[in-house]
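S.K.: This one is my_file.txt, compact mmCIF, C-alpha atoms.
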```
# COMPACT_ATOMS: atom_id res chain seq x y z
CA MET V 1 -58.35 18.95 16.50
CA PHE V 2 -57.05 15.43 17.07
CA SER V 3 -53.84 16.84 18.55
CA LEU V 4 -55.88 18.84 21.07
CA ILE V 5 -57.83 15.72 22.07
CA THR V 6 -54.59 13.79 22.50
CA LYS V 7 -53.08 16.63 24.55
CA GLU V 8 -56.03 16.69 26.96
CA VAL V 9 -56.12 12.90 27.38
CA ASN V 10 -52.35 12.70 27.95
CA SER V 11 -52.48 15.62 30.38
CA PHE V 12 -55.11 13.84 32.45
CA LEU V 13 -53.41 10.44 32.39
CA ASN V 14 -50.02 11.96 33.23
CA SER V 15 -51.42 13.43 36.44
CA LEU V 16 -52.08 11.56 39.68
CA ILE V 17 -55.61 12.90 39.96
CA GLY V 18 -56.59 11.09 36.77
CA TYR V 19 -55.83 7.69 38.21
CA VAL V 20 -57.24 8.62 41.61
CA VAL V 21 -60.59 9.58 40.07
CA ILE V 22 -60.82 6.34 38.09
CA MET V 23 -59.76 4.20 41.07
CA VAL V 24 -62.27 5.89 43.38
CA PHE V 25 -65.03 5.15 40.85
CA LEU V 26 -64.07 1.48 40.44
CA THR V 27 -63.54 0.99 44.18
CA THR V 28 -66.90 2.55 45.07
CA ILE V 29 -68.79 0.44 42.53
CA GLY V 30 -66.87 -2.70 43.51
CA LEU V 31 -67.55 -2.26 47.23
CA PHE V 32 -71.29 -1.87 46.76
CA ILE V 33 -71.60 -4.76 44.33
CA TRP V 34 -69.19 -7.34 45.74
CA VAL V 35 -68.18 -6.44 49.31
CA PHE V 36 -70.93 -4.75 51.33
CA PRO V 37 -73.30 -7.50 52.51
CA ASP V 38 -77.04 -7.31 53.09
CA THR V 39 -77.61 -4.42 50.70
CA SER V 40 -79.99 -4.17 47.79
CA PHE V 41 -76.94 -3.79 45.53
CA SER V 42 -75.04 -6.92 46.56
CA LEU V 43 -74.77 -9.33 43.64
CA LEU V 44 -73.63 -12.22 45.83
CA ASP V 45 -76.67 -11.90 48.13
CA ALA V 46 -79.19 -11.30 45.35
CA GLY V 47 -79.46 -14.97 44.40
CA TYR V 48 -79.76 -14.33 40.67
CA ALA V 49 -77.34 -13.30 37.94
CA ASN V 50 -77.81 -9.75 36.69
CA LEU V 51 -75.91 -6.49 36.69
CA ASP V 52 -78.81 -4.19 37.63
CA PRO V 53 -76.98 -2.88 40.73
CA LEU V 54 -74.10 -1.65 38.52
CA PHE V 55 -76.45 0.33 36.31
CA ILE V 56 -78.35 1.74 39.29
CA ILE V 57 -75.28 2.94 41.20
CA THR V 58 -73.13 4.19 38.32
CA PRO V 59 -75.27 7.24 37.36
CA TRP V 60 -75.02 8.55 40.93
CA VAL V 61 -71.27 8.01 41.07
CA TYR V 62 -70.91 9.61 37.62
CA MET V 63 -72.53 12.76 39.01
CA PHE V 64 -69.28 13.32 40.89
CA LEU V 65 -66.76 11.50 38.70
CA VAL V 66 -67.63 13.30 35.45
CA PRO V 67 -67.43 16.81 36.98
CA ALA V 68 -64.08 15.82 38.52
CA VAL V 69 -62.82 14.87 35.06
CA THR V 70 -64.22 17.88 33.18
CA MET V 71 -63.78 20.69 35.72
CA ARG V 72 -60.28 21.56 34.48
CA LEU V 73 -60.92 21.44 30.71
CA PHE V 74 -61.68 25.15 30.31
CA ALA V 75 -61.38 26.49 33.87
CA GLU V 76 -57.65 25.78 33.98
CA GLU V 77 -57.15 27.42 30.57
CA ARG V 78 -59.05 30.53 31.72
CA LYS V 79 -57.15 30.79 35.00
CA SER V 80 -53.71 30.39 33.43
CA GLY V 81 -54.58 32.66 30.51
CA THR V 82 -53.71 29.99 27.94
CA ILE V 83 -57.24 30.04 26.54
CA GLU V 84 -56.26 33.06 24.46
CA LEU V 85 -53.40 31.09 22.96
CA LEU V 86 -55.70 28.11 22.42
CA LEU V 87 -58.18 30.21 20.48
CA THR V 88 -55.45 31.48 18.19
CA ARG V 89 -54.98 27.99 16.81
CA PRO V 90 -56.37 27.30 13.32
CA LEU V 91 -59.52 25.93 14.92
CA THR V 92 -62.96 27.43 15.31
CA GLU V 93 -64.50 27.85 18.77
CA LEU V 94 -66.82 24.94 17.99
CA GLN V 95 -63.91 22.67 17.08
CA VAL V 96 -62.12 23.57 20.31
CA VAL V 97 -65.25 22.81 22.33
CA VAL V 98 -65.85 19.52 20.52
CA ALA V 99 -62.21 18.50 21.02
CA LYS V 100 -62.43 19.22 24.75
CA TYR V 101 -65.73 17.36 24.90
CA LEU V 102 -64.39 14.27 23.11
CA ALA V 103 -61.33 14.23 25.37
CA GLY V 104 -63.58 14.30 28.44
CA PHE V 105 -65.74 11.51 27.04
CA VAL V 106 -62.71 9.34 26.29
CA LEU V 107 -61.46 9.81 29.85
CA VAL V 108 -64.83 8.80 31.31
CA LEU V 109 -64.89 5.82 28.95
CA PHE V 110 -61.59 4.66 30.47
CA SER V 111 -63.37 4.33 33.83
CA LEU V 112 -66.24 2.30 32.35
CA ILE V 113 -64.24 -0.27 30.38
CA PRO V 114 -62.85 -2.11 33.47
CA THR V 115 -66.42 -2.78 34.69
CA LEU V 116 -66.74 -5.31 31.85
CA ILE V 117 -64.97 -7.71 34.18
CA TYR V 118 -68.11 -7.59 36.33
CA TYR V 119 -70.14 -8.87 33.40
CA TYR V 120 -67.62 -11.68 32.86
CA SER V 121 -67.69 -12.57 36.57
CA VAL V 122 -71.48 -12.71 36.78
CA ASN V 123 -71.59 -14.65 33.54
CA GLN V 124 -69.25 -17.28 35.01
CA LEU V 125 -70.89 -17.40 38.45
CA SER V 126 -74.39 -17.91 37.06
CA VAL V 127 -75.91 -21.40 37.06
CA PRO V 128 -75.56 -22.63 34.42
CA ALA V 129 -72.63 -20.51 33.27
CA GLY V 130 -73.72 -17.94 30.74
CA ASN V 131 -77.26 -17.69 32.09
CA VAL V 132 -77.30 -13.88 31.89
CA ASP V 133 -79.61 -11.62 29.92
CA SER V 134 -76.84 -10.27 27.69
CA GLY V 135 -79.23 -8.15 25.62
CA SER V 136 -80.32 -6.22 28.68
CA VAL V 137 -76.72 -5.84 29.87
CA TRP V 138 -75.45 -4.43 26.57
CA GLY V 139 -78.48 -2.17 26.31
CA SER V 140 -77.73 -0.87 29.79
CA TYR V 141 -74.07 -0.30 28.88
CA LEU V 142 -75.20 1.68 25.84
CA GLY V 143 -77.45 3.69 28.15
CA LEU V 144 -74.45 4.38 30.39
CA LEU V 145 -72.44 5.58 27.40
CA PHE V 146 -75.16 8.05 26.45
CA LEU V 147 -75.55 9.08 30.10
CA ALA V 148 -71.81 9.68 30.40
CA ALA V 149 -71.81 11.62 27.12
CA GLY V 150 -74.62 13.84 28.42
CA PHE V 151 -72.90 14.43 31.76
CA VAL V 152 -69.62 15.28 29.99
CA SER V 153 -71.36 17.93 27.88
CA ILE V 154 -72.76 19.44 31.08
CA GLY V 155 -69.33 19.30 32.72
CA VAL V 156 -67.61 21.01 29.77
CA PHE V 157 -70.18 23.80 29.87
CA SER V 158 -69.70 24.23 33.63
CA SER V 159 -65.93 24.42 33.17
CA ALA V 160 -66.34 27.11 30.52
CA VAL V 161 -68.35 29.52 32.68
CA THR V 162 -65.71 29.97 35.39
CA ASP V 163 -61.95 29.99 35.92
CA ASN V 164 -62.27 28.20 39.26
CA GLN V 165 -62.15 24.40 39.05
CA VAL V 166 -63.98 23.92 42.36
CA VAL V 167 -66.81 26.18 41.25
CA ALA V 168 -66.94 24.34 37.91
CA PHE V 169 -67.17 21.04 39.80
CA ILE V 170 -70.04 22.28 42.00
CA ILE V 171 -71.99 23.71 39.04
CA ALA V 172 -71.56 20.47 37.09
CA VAL V 173 -72.67 18.30 40.03
CA PHE V 174 -75.78 20.44 40.50
CA LEU V 175 -76.70 20.42 36.81
CA CYS V 176 -76.07 16.68 36.45
CA TYR V 177 -78.25 15.98 39.47
CA PHE V 178 -80.99 18.34 38.30
CA PHE V 179 -81.15 16.90 34.79
CA TYR V 180 -80.97 13.32 36.08
CA ALA V 181 -83.32 13.42 39.06
CA GLY V 182 -84.67 16.98 39.31
CA PHE V 183 -87.31 16.73 36.60
CA ASP V 184 -88.33 13.36 38.00
CA SER V 185 -88.89 14.94 41.42
CA ILE V 186 -90.80 17.89 39.96
CA SER V 187 -93.10 15.56 38.02
CA ASN V 188 -93.88 13.70 41.25
CA LEU V 189 -95.02 16.97 42.85
CA ILE V 190 -97.53 17.51 40.06
CA ALA V 191 -100.77 15.60 39.90
CA SER V 192 -100.56 12.80 37.38
CA GLY V 193 -101.41 13.95 33.90
CA THR V 194 -99.93 15.28 30.68
CA SER V 195 -97.88 18.00 32.39
CA ALA V 196 -96.27 15.54 34.81
CA SER V 197 -95.47 13.14 31.95
CA ILE V 198 -93.89 15.89 29.84
CA ILE V 199 -91.74 17.14 32.72
CA TYR V 200 -90.67 13.58 33.52
CA GLN V 201 -89.63 13.01 29.90
CA ILE V 202 -87.42 16.11 29.97
CA GLY V 203 -85.20 14.47 32.58
CA ILE V 204 -82.33 12.10 31.83
CA ASN V 205 -83.58 9.39 34.17
CA ALA V 206 -86.65 8.60 32.04
CA HIS V 207 -84.57 7.91 28.95
CA TYR V 208 -81.72 6.16 30.77
CA THR V 209 -84.20 3.83 32.48
CA SER V 210 -85.81 3.10 29.13
CA MET V 211 -82.48 2.15 27.54
CA SER V 212 -81.51 0.07 30.59
CA ARG V 213 -84.32 -2.34 29.75
CA GLY V 214 -82.31 -3.41 26.73
CA VAL V 215 -84.65 -1.77 24.23
CA ILE V 216 -83.09 0.96 22.10
CA ASP V 217 -85.75 3.55 21.29
CA THR V 218 -84.88 6.24 18.77
CA ARG V 219 -86.63 8.79 21.00
CA ASP V 220 -84.11 8.10 23.76
CA VAL V 221 -81.17 8.38 21.35
CA VAL V 222 -82.54 11.66 19.94
CA TYR V 223 -82.99 12.99 23.49
CA PHE V 224 -79.38 12.34 24.48
CA LEU V 225 -78.01 13.70 21.22
CA SER V 226 -80.15 16.83 21.66
CA LEU V 227 -78.89 17.27 25.23
CA ILE V 228 -75.28 16.91 24.12
CA ILE V 229 -75.68 19.35 21.23
CA LEU V 230 -77.49 21.84 23.48
CA PHE V 231 -74.66 22.06 26.01
CA ILE V 232 -71.95 22.02 23.35
CA MET V 233 -73.61 24.99 21.67
CA LEU V 234 -74.02 26.75 25.03
CA THR V 235 -70.33 26.18 25.70
CA ARG V 236 -69.41 27.62 22.32
CA THR V 237 -71.55 30.67 23.08
CA VAL V 238 -69.72 31.16 26.39
CA ILE V 239 -66.33 30.91 24.66
CA GLU V 240 -67.38 33.28 21.88
CA SER V 241 -68.68 35.80 24.44
CA ARG V 242 -65.06 36.65 25.24
CA LYS V 243 -64.98 38.56 21.93
CA TRP V 244 -68.04 40.65 22.75
```
Could you rewrite the structure in this file as C-alpha cells?
M.R.:
Amino acid sequence: MFSLITKEVNSFLNSLIGYVVIMVFLTTIGLFIWVFPDTSFSLLDAGYANLDPLFIITPWVYMFLVPAVTMRLFAEERKSGTIELLLTRPLTELQVVVAKYLAGFVLVLFSLIPTLIYYYSVNQLSVPAGNVDSGSVWGSYLGLLFLAAGFVSIGVFSSAVTDNQVVAFIIAVFLCYFFYAGFDSISNLIASGTSASIIYQIGINAHYTSMSRGVIDTRDVVYFLSLIILFIMLTRTVIESRKW
C-alpha cells in the first residue's frame, strides 16, 4: 500500500499541474492577506496580529484546490483502463481507496506547510514580537487539517464515480461547498429551533469554526472522522460495484 501512495505522490509532483495548483493556492492566499489593501482580510491594515484571515479564506480556496488534486486519482485510472490492473494487486479495494486517499491528503498537506511562514511573519511583526495567540493559531491549523482531510475524502469519492476528470472536479466542488456551507444556509432558512441547530451541526462549517477558536472538542474530531470514513466507504462501494 505504501508503494501505491508513493507512486501517486510522485506522479503528482512530477507533473507541472501539481506545482501550478500549489502555487495558485499560495499566491491567492498571499495576495488577499498581504497585498490587496483595504480589505477585511488584509493583515497589514488590520492593526492587530492574528491569522484569522488565513483560516477564513483557506476553506473557500480548498473547495477548488482539493478537487483539482483528487480529480485524477480514480478518474484517470478508469479512463485509461489501468484500474483493472490496479485491482489485481495483492490489495483489497479498501486498501486501494485508503492509499489513494492518503496520497491526496499528503499532496494537500504540501500546500499548507508553506503557510507556516505567515505565522512566523505575523509573530515577528507583532508588538512586542511574539504577541500572538499561538493556541488559537495551532487550533485553527488543526481545524484546517481536518477540513482538508474531509475535502480529500469527498474528492476521492467524486473521482471514483466517473472516468472524466472535469466531471469529477465539478462533483467534488459541489459536494465540498454543500457540506461546508450548504447545511449552514439551509439552517438559516428554518426558524430557529432544534431542527435548525441539528441541520447546522451536520455541516462542516460548524465544526471547523469550533476548532478555529483553539478549543479541541471531541465532538468535532468525531464528526470529521465520521465524514472521512463515510466517503471512504462510499468510494469502496463504488469500486466494488464494478464486480456486480
S.K.: V:Met71, V:Leu51, V:Ala168, V:Ala206: which is nearest Asn123 of chain V, counting all atoms listed in the file?
M.R.: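 Nearest to Asn123 of chain V: V:Leu51.
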S.K.: Can you tell me which residues surround segment 115-118 of chain V at a distance of at most 10 Å, considering only C-alpha atoms, apart from same-chain residues fewer than 5 positions away, and format the answer as a tab-separated table (two decimals) with C-alpha atoms, in the frame of the given file?
M.R.:
```tsv
chain	number	residue	atom	x	y	z
V	26	LEU	CA	-64.07	1.48	40.44
V	29	ILE	CA	-68.79	0.44	42.53
V	30	GLY	CA	-66.87	-2.70	43.51
V	33	ILE	CA	-71.60	-4.76	44.33
V	34	TRP	CA	-69.19	-7.34	45.74
V	50	ASN	CA	-77.81	-9.75	36.69
V	51	LEU	CA	-75.91	-6.49	36.69
V	54	LEU	CA	-74.10	-1.65	38.52
V	110	PHE	CA	-61.59	4.66	30.47
V	123	ASN	CA	-71.59	-14.65	33.54
V	124	GLN	CA	-69.25	-17.28	35.01
V	141	TYR	CA	-74.07	-0.30	28.88
```
S.K.: Can you pull out every residue within 9 Å of Leu109 of chain V, counting all atoms listed in the file, but drop anything in the same chain fewer than 5 positions away, and send it as a ChimeraX atom specification?
M.R.: /V:104,145,148
S.K.: Using all atoms listed in the file, which protein or nucleic acid residues come within 8 Å of segment 23-25 of chain V? Drop anything in the same chain fewer than 5 positions from it, and give the result as JSON, numbers by chain.
M.R.: {"V": [61, 65, 111]}
S.K.: When you draw a straight line from atom CA of Ser80 of chain V to atom CA of Thr162 of chain V, how long is it in Å?
M.R.: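 Here the two named atoms are 12.2 Å from each other.
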S.K.: Excluding segment 74-76 of chain V and any residue of its chain fewer than 3 positions from it, enumerate the residues within 6 Å of it, using all atoms listed in the file, and give them as a list in words.
M.R.: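 The filter keeps Lys79, Ser159, Ala160, Thr162, Asp163, Asn164 and Gln165 of chain V.
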S.K.: If you keep C-alpha atoms, can you produce a file of those selected residues as a PDB file, in the frame of the given file?
M.R.:
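Contents of part-v2.pdb, freshly written:
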```
ATOM      1  CA  LYS V  79     -57.150  30.790  35.000  1.00  0.00           C
ATOM      2  CA  SER V 159     -65.930  24.420  33.170  1.00  0.00           C
ATOM      3  CA  ALA V 160     -66.340  27.110  30.520  1.00  0.00           C
ATOM      4  CA  THR V 162     -65.710  29.970  35.390  1.00  0.00           C
ATOM      5  CA  ASP V 163     -61.950  29.990  35.920  1.00  0.00           C
ATOM      6  CA  ASN V 164     -62.270  28.200  39.260  1.00  0.00           C
ATOM      7  CA  GLN V 165     -62.150  24.400  39.050  1.00  0.00           C
TER       8      GLN V 165
END
```
S.K.: Could you work out how far atom CA of Val106 of chain V lies from atom CA of Glu77 of chain V, giving the answer in Å with one decimal?
M.R.: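 It comes out at 19.4 Å.
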S.K.: Please report the interatomic distance between atom CA of Phe55 of chain V and atom CA of Thr209 of chain V in Å with one decimal.
M.R.: 9.3 Å
S.K.: For segment 143-159 of chain V, where the input has fewer atoms than it should, I would like N, CA and C atoms rebuilt and written as a PDB file, keeping the file's coordinate frame.
M.R.:
```pdb
ATOM      1  N   GLY V 143     -76.817   2.609  27.396  1.00  0.00           N
ATOM      2  CA  GLY V 143     -77.450   3.690  28.150  1.00  0.00           C
ATOM      3  C   GLY V 143     -76.437   4.448  28.985  1.00  0.00           C
ATOM      4  N   LEU V 144     -75.498   3.723  29.597  1.00  0.00           N
ATOM      5  CA  LEU V 144     -74.450   4.380  30.390  1.00  0.00           C
ATOM      6  C   LEU V 144     -73.555   5.243  29.521  1.00  0.00           C
ATOM      7  N   LEU V 145     -73.265   4.785  28.313  1.00  0.00           N
ATOM      8  CA  LEU V 145     -72.440   5.580  27.400  1.00  0.00           C
ATOM      9  C   LEU V 145     -73.126   6.899  27.060  1.00  0.00           C
ATOM     10  N   PHE V 146     -74.425   6.831  26.756  1.00  0.00           N
ATOM     11  CA  PHE V 146     -75.160   8.050  26.450  1.00  0.00           C
ATOM     12  C   PHE V 146     -75.275   8.938  27.688  1.00  0.00           C
ATOM     13  N   LEU V 147     -75.479   8.320  28.847  1.00  0.00           N
ATOM     14  CA  LEU V 147     -75.550   9.080  30.100  1.00  0.00           C
ATOM     15  C   LEU V 147     -74.238   9.805  30.349  1.00  0.00           C
ATOM     16  N   ALA V 148     -73.124   9.076  30.207  1.00  0.00           N
ATOM     17  CA  ALA V 148     -71.810   9.680  30.400  1.00  0.00           C
ATOM     18  C   ALA V 148     -71.577  10.808  29.401  1.00  0.00           C
ATOM     19  N   ALA V 149     -71.988  10.591  28.146  1.00  0.00           N
ATOM     20  CA  ALA V 149     -71.810  11.620  27.120  1.00  0.00           C
ATOM     21  C   ALA V 149     -72.600  12.882  27.473  1.00  0.00           C
ATOM     22  N   GLY V 150     -73.810  12.693  28.003  1.00  0.00           N
ATOM     23  CA  GLY V 150     -74.620  13.840  28.420  1.00  0.00           C
ATOM     24  C   GLY V 150     -73.998  14.571  29.596  1.00  0.00           C
ATOM     25  N   PHE V 151     -73.530  13.821  30.588  1.00  0.00           N
ATOM     26  CA  PHE V 151     -72.900  14.430  31.760  1.00  0.00           C
ATOM     27  C   PHE V 151     -71.617  15.175  31.368  1.00  0.00           C
ATOM     28  N   VAL V 152     -70.858  14.616  30.425  1.00  0.00           N
ATOM     29  CA  VAL V 152     -69.620  15.280  29.990  1.00  0.00           C
ATOM     30  C   VAL V 152     -69.927  16.614  29.334  1.00  0.00           C
ATOM     31  N   SER V 153     -70.988  16.656  28.518  1.00  0.00           N
ATOM     32  CA  SER V 153     -71.360  17.930  27.880  1.00  0.00           C
ATOM     33  C   SER V 153     -71.737  18.975  28.920  1.00  0.00           C
ATOM     34  N   ILE V 154     -72.421  18.532  29.983  1.00  0.00           N
ATOM     35  CA  ILE V 154     -72.760  19.440  31.080  1.00  0.00           C
ATOM     36  C   ILE V 154     -71.500  19.895  31.797  1.00  0.00           C
ATOM     37  N   GLY V 155     -70.572  18.969  32.024  1.00  0.00           N
ATOM     38  CA  GLY V 155     -69.330  19.300  32.720  1.00  0.00           C
ATOM     39  C   GLY V 155     -68.465  20.265  31.936  1.00  0.00           C
ATOM     40  N   VAL V 156     -68.400  20.097  30.613  1.00  0.00           N
ATOM     41  CA  VAL V 156     -67.610  21.010  29.770  1.00  0.00           C
ATOM     42  C   VAL V 156     -68.212  22.411  29.818  1.00  0.00           C
ATOM     43  N   PHE V 157     -69.532  22.499  29.771  1.00  0.00           N
ATOM     44  CA  PHE V 157     -70.180  23.800  29.870  1.00  0.00           C
ATOM     45  C   PHE V 157     -69.882  24.456  31.217  1.00  0.00           C
ATOM     46  N   SER V 158     -69.962  23.691  32.283  1.00  0.00           N
ATOM     47  CA  SER V 158     -69.700  24.230  33.630  1.00  0.00           C
ATOM     48  C   SER V 158     -68.275  24.720  33.751  1.00  0.00           C
ATOM     49  N   SER V 159     -67.338  24.020  33.120  1.00  0.00           N
ATOM     50  CA  SER V 159     -65.930  24.420  33.170  1.00  0.00           C
ATOM     51  C   SER V 159     -65.693  25.703  32.391  1.00  0.00           C
TER      52      SER V 159
END
```
